[in-house]
Amino acid sequence: MQRFTRSMVVRGVIMLPYLIANVIVALVWYWLCDYNLGIINAALDFLGFHKVGFFGNENIAMVTIAMVNVWRHLGYTSLLLFAGLQAIPRDVYEAAEVDGAGEWRVFRSVTLPLLRPVLAFVLVVTVVGSFQIFDTIAVTTKGGPVDATRAINYYIYQRAFERLDFGYASALAVILMIILAGVALLQNKLLRANESDLER
């Protein structure tokens, strides 16, 4: 998006998954990965490979859910990083080129340090968001198979609305909020998210 294309169509395609509702994304991937009727397993069968129970195999169900969520949030993350790259002044890169810095050196010594506040924000949002995976699990596996995909927030939902244990579920939700707030603060502190190397 920053260097290889200025096409609004390509940038739009990259952003498109994030604009689709979580439930729709989960349903589409559930159908695509269906063991009997899914196009992915049909392609694997056509190529001579064994079919895979993406959401039915306890060993890969959580990996499949993680990949679906990575695909969906790729556009949002890309947009944040793209905005961060756009904010880096061109003259910094020109000075690095004049000094004879190569591609890797420019990335390591210029781009990465100047992108640190954005990377810190992306990391915090991603880590907090990873604890909020609910829609995909509720639509595809409902915590199974054999509790392999029962994430903490889905467990809170089950305790509250299936077992009607609202007090325990509320306590878990508060504990989860405190843990996530602590993780976010620690990440901001370690990554010096409120500082920018452009000001130095």
# chains A, B, ... in the order shown; residues from 1 in each chain; ligands from 1
call {"tool": "residues_around", "arguments": {"residues": "Tyr154 in chain A", "least_positions_apart": "3", "cutoff": "12 Å", "atoms": "only C-alpha atoms", "output": "CSV table (one decimal) with N, CA and C atoms, in the first residue's frame"}}
result
chain,number,residue,atom,x,y,z
A,131,PHE,N,-8.6,-11.4,23.0
A,131,PHE,CA,-9.4,-11.9,24.1
A,131,PHE,C,-10.9,-11.7,23.9
A,132,GLN,N,-11.2,-11.0,22.8
A,132,GLN,CA,-12.6,-10.7,22.6
A,132,GLN,C,-13.2,-11.5,21.4
A,133,ILE,N,-12.6,-12.6,21.0
A,133,ILE,CA,-13.1,-13.4,20.0
A,133,ILE,C,-14.3,-14.1,20.5
A,134,PHE,N,-15.5,-13.7,20.0
A,134,PHE,CA,-16.7,-14.4,20.4
A,134,PHE,C,-17.6,-14.8,19.2
A,135,ASP,N,-17.8,-13.9,18.3
A,135,ASP,CA,-18.7,-14.2,17.1
A,135,ASP,C,-18.3,-15.4,16.4
A,136,THR,N,-17.0,-15.5,16.1
A,136,THR,CA,-16.5,-16.7,15.3
A,136,THR,C,-16.7,-18.0,16.0
A,137,ILE,N,-16.4,-18.0,17.3
A,137,ILE,CA,-16.6,-19.2,18.1
A,137,ILE,C,-18.1,-19.6,18.2
A,138,ALA,N,-18.9,-18.6,18.5
A,138,ALA,CA,-20.4,-18.8,18.7
A,138,ALA,C,-21.0,-19.3,17.4
A,139,VAL,N,-20.6,-18.9,16.2
A,139,VAL,CA,-21.2,-19.3,15.0
A,139,VAL,C,-20.6,-20.6,14.5
A,141,THR,N,-18.0,-23.1,16.2
A,141,THR,CA,-17.7,-24.3,17.0
A,141,THR,C,-18.5,-24.4,18.3
A,142,LYS,N,-19.0,-23.2,18.8
A,142,LYS,CA,-19.7,-23.1,20.1
A,142,LYS,C,-18.8,-23.7,21.2
A,143,GLY,N,-17.5,-23.4,21.2
A,143,GLY,CA,-16.6,-23.8,22.2
A,143,GLY,C,-16.0,-25.2,22.0
A,144,GLY,N,-16.5,-26.0,21.1
A,144,GLY,CA,-16.0,-27.3,20.9
A,144,GLY,C,-14.9,-27.3,19.8
A,147,ASP,N,-14.1,-28.7,24.0
A,147,ASP,CA,-13.7,-27.4,24.6
A,147,ASP,C,-12.4,-26.8,24.1
A,148,ALA,N,-12.0,-27.2,22.9
A,148,ALA,CA,-10.8,-26.8,22.3
A,148,ALA,C,-10.8,-25.3,21.9
A,149,THR,N,-12.0,-24.8,21.7
A,149,THR,CA,-12.1,-23.3,21.3
A,149,THR,C,-12.9,-22.5,22.3
A,150,ARG,N,-13.0,-23.0,23.5
A,150,ARG,CA,-13.8,-22.2,24.5
A,150,ARG,C,-12.9,-21.1,25.1
A,151,ALA,N,-12.9,-20.0,24.5
A,151,ALA,CA,-12.1,-18.9,24.9
A,151,ALA,C,-12.8,-18.3,26.2
A,157,TYR,N,-19.9,-16.0,28.7
A,157,TYR,CA,-21.2,-16.1,28.1
A,157,TYR,C,-22.0,-17.3,28.5
A,158,GLN,N,-21.3,-18.5,28.5
A,158,GLN,CA,-21.9,-19.7,28.9
A,158,GLN,C,-22.3,-19.7,30.3
A,159,ARG,N,-21.5,-19.2,31.2
A,159,ARG,CA,-21.8,-19.2,32.6
A,159,ARG,C,-23.0,-18.3,32.9
A,160,ALA,N,-23.1,-17.2,32.2
A,160,ALA,CA,-24.1,-16.2,32.4
A,160,ALA,C,-25.4,-16.6,31.8
A,161,PHE,N,-25.4,-17.0,30.5
A,161,PHE,CA,-26.7,-17.2,29.8
A,161,PHE,C,-27.1,-18.6,29.6
A,162,GLU,N,-26.2,-19.6,29.8
A,162,GLU,CA,-26.6,-21.0,29.7
A,162,GLU,C,-26.8,-21.6,31.1
A,169,ALA,N,-20.1,-15.1,36.4
A,169,ALA,CA,-19.7,-14.5,35.1
A,169,ALA,C,-19.3,-13.1,35.2
A,172,LEU,N,-15.8,-12.9,36.6
A,172,LEU,CA,-14.8,-13.3,35.6
A,172,LEU,C,-14.6,-12.1,34.6
A,173,ALA,N,-15.7,-11.4,34.2
A,173,ALA,CA,-15.6,-10.3,33.3
A,173,ALA,C,-14.8,-9.2,33.9
call {"tool": "atom_distance", "arguments": {"atom1": "CA of Tyr155 in chain A", "atom2": "CA of Val25 in chain A"}}
result
21.5 Å
call {"tool": "residues_around", "arguments": {"residues": "range 46-57 of chain A", "least_positions_apart": "2", "cutoff": "12 Å", "atoms": "only C-alpha atoms", "output": "MDAnalysis selection string"}}
result
chainID A and resid 26:27 29:44 59:68 136:149
call {"tool": "select_by_dssp", "arguments": {"residues": "range 6-98 of chain A", "states": "helix (DSSP H, G or I)", "output": "ChimeraX atom specification"}}
result
/A:8-19,22-32,39-46,61-86,90-98
call {"tool": "write_last_selection", "arguments": {"atoms": "C-alpha atoms", "output": "mmCIF file, in the first residue's frame"}}
result
data_model
loop_
_atom_site.group_PDB
_atom_site.id
_atom_site.type_symbol
_atom_site.label_atom_id
_atom_site.label_comp_id
_atom_site.auth_asym_id
_atom_site.auth_seq_id
_atom_site.Cartn_x
_atom_site.Cartn_y
_atom_site.Cartn_z
ATOM 1 C CA MET A 8 -7.558 2.689 -4.621
ATOM 2 C CA VAL A 9 -9.057 -0.594 -5.824
ATOM 3 C CA VAL A 10 -6.190 -2.655 -4.360
ATOM 4 C CA ARG A 11 -6.273 -0.673 -1.128
ATOM 5 C CA GLY A 12 -10.053 -1.145 -1.002
ATOM 6 C CA VAL A 13 -9.716 -4.911 -1.456
ATOM 7 C CA ILE A 14 -7.230 -5.026 1.436
ATOM 8 C CA MET A 15 -9.659 -3.096 3.651
ATOM 9 C CA LEU A 16 -12.782 -5.004 2.557
ATOM 10 C CA PRO A 17 -12.713 -7.892 5.101
ATOM 11 C CA TYR A 18 -12.804 -5.465 8.030
ATOM 12 C CA LEU A 19 -15.986 -3.863 6.684
ATOM 13 C CA ASN A 22 -18.045 -10.736 12.204
ATOM 14 C CA VAL A 23 -21.015 -13.098 11.971
ATOM 15 C CA ILE A 24 -21.010 -12.968 8.161
ATOM 16 C CA VAL A 25 -17.265 -13.630 8.046
ATOM 17 C CA ALA A 26 -17.666 -16.596 10.406
ATOM 18 C CA LEU A 27 -20.534 -18.062 8.365
ATOM 19 C CA VAL A 28 -18.704 -17.677 5.060
ATOM 20 C CA TRP A 29 -15.548 -19.338 6.377
ATOM 21 C CA TYR A 30 -17.619 -22.038 8.072
ATOM 22 C CA TRP A 31 -19.175 -22.899 4.711
ATOM 23 C CA LEU A 32 -15.862 -22.640 2.856
ATOM 24 C CA ILE A 39 -14.823 -25.486 -1.513
ATOM 25 C CA ILE A 40 -11.499 -25.688 0.363
ATOM 26 C CA ASN A 41 -11.926 -29.388 1.103
ATOM 27 C CA ALA A 42 -13.201 -29.948 -2.434
ATOM 28 C CA ALA A 43 -9.989 -28.375 -3.733
ATOM 29 C CA LEU A 44 -7.868 -30.498 -1.373
ATOM 30 C CA ASP A 45 -9.718 -33.634 -2.523
ATOM 31 C CA PHE A 46 -9.264 -32.659 -6.179
ATOM 32 C CA ALA A 61 -9.997 -25.694 15.346
ATOM 33 C CA MET A 62 -8.494 -22.805 17.344
ATOM 34 C CA VAL A 63 -5.835 -22.244 14.685
ATOM 35 C CA THR A 64 -8.588 -22.040 12.062
ATOM 36 C CA ILE A 65 -10.543 -19.513 14.143
ATOM 37 C CA ALA A 66 -7.367 -17.490 14.681
ATOM 38 C CA MET A 67 -6.651 -17.435 10.920
ATOM 39 C CA VAL A 68 -10.225 -16.307 10.157
ATOM 40 C CA ASN A 69 -9.852 -13.422 12.613
ATOM 41 C CA VAL A 70 -6.400 -12.527 11.293
ATOM 42 C CA TRP A 71 -7.853 -12.374 7.768
ATOM 43 C CA ARG A 72 -10.731 -10.190 8.917
ATOM 44 C CA HIS A 73 -8.594 -7.698 10.855
ATOM 45 C CA LEU A 74 -5.780 -7.534 8.300
ATOM 46 C CA GLY A 75 -7.368 -4.516 6.630
ATOM 47 C CA TYR A 76 -7.706 -2.519 9.851
ATOM 48 C CA THR A 77 -4.132 -3.275 10.899
ATOM 49 C CA SER A 78 -2.887 -2.427 7.412
ATOM 50 C CA LEU A 79 -4.738 0.882 7.510
ATOM 51 C CA LEU A 80 -3.148 1.836 10.841
ATOM 52 C CA LEU A 81 0.355 0.919 9.668
ATOM 53 C CA PHE A 82 -0.224 2.673 6.332
ATOM 54 C CA ALA A 83 -1.252 5.852 8.166
ATOM 55 C CA GLY A 84 1.874 5.578 10.326
ATOM 56 C CA LEU A 85 4.087 5.175 7.260
ATOM 57 C CA GLN A 86 2.440 8.174 5.594
ATOM 58 C CA ARG A 90 10.244 11.789 3.125
ATOM 59 C CA ASP A 91 13.341 13.843 3.913
ATOM 60 C CA VAL A 92 14.325 11.294 6.588
ATOM 61 C CA TYR A 93 14.475 8.591 3.903
ATOM 62 C CA GLU A 94 16.313 10.918 1.529
ATOM 63 C CA ALA A 95 18.929 11.629 4.218
ATOM 64 C CA ALA A 96 19.364 7.893 4.779
ATOM 65 C CA GLU A 97 19.850 7.338 1.033
ATOM 66 C CA VAL A 98 22.435 10.114 0.901
#
call {"tool": "atom_distance", "arguments": {"atom1": "CA of Ile88 in chain A", "atom2": "CA of Arg108 in chain A"}}
result
14.0 Å
call {"tool": "atom_distance", "arguments": {"atom1": "CA of Ser130 in chain A", "atom2": "CA of Ile156 in chain A"}}
result
15.2 Å
call {"tool": "residues_around", "arguments": {"residues": "range 123-129 of chain A", "least_positions_apart": "6", "cutoff": "8 Å", "atoms": "only C-alpha atoms", "output": "list in words"}}
result
Leu180, Ala184, Gln187 and Asn188 of chain A
call {"tool": "closest_residue", "arguments": {"among": "A:Leu185, A:Ile152, A:Ala87, A:Ile178", "to": "Gln2 in chain A", "atoms": "only C-alpha atoms"}}
result
A:Ala87
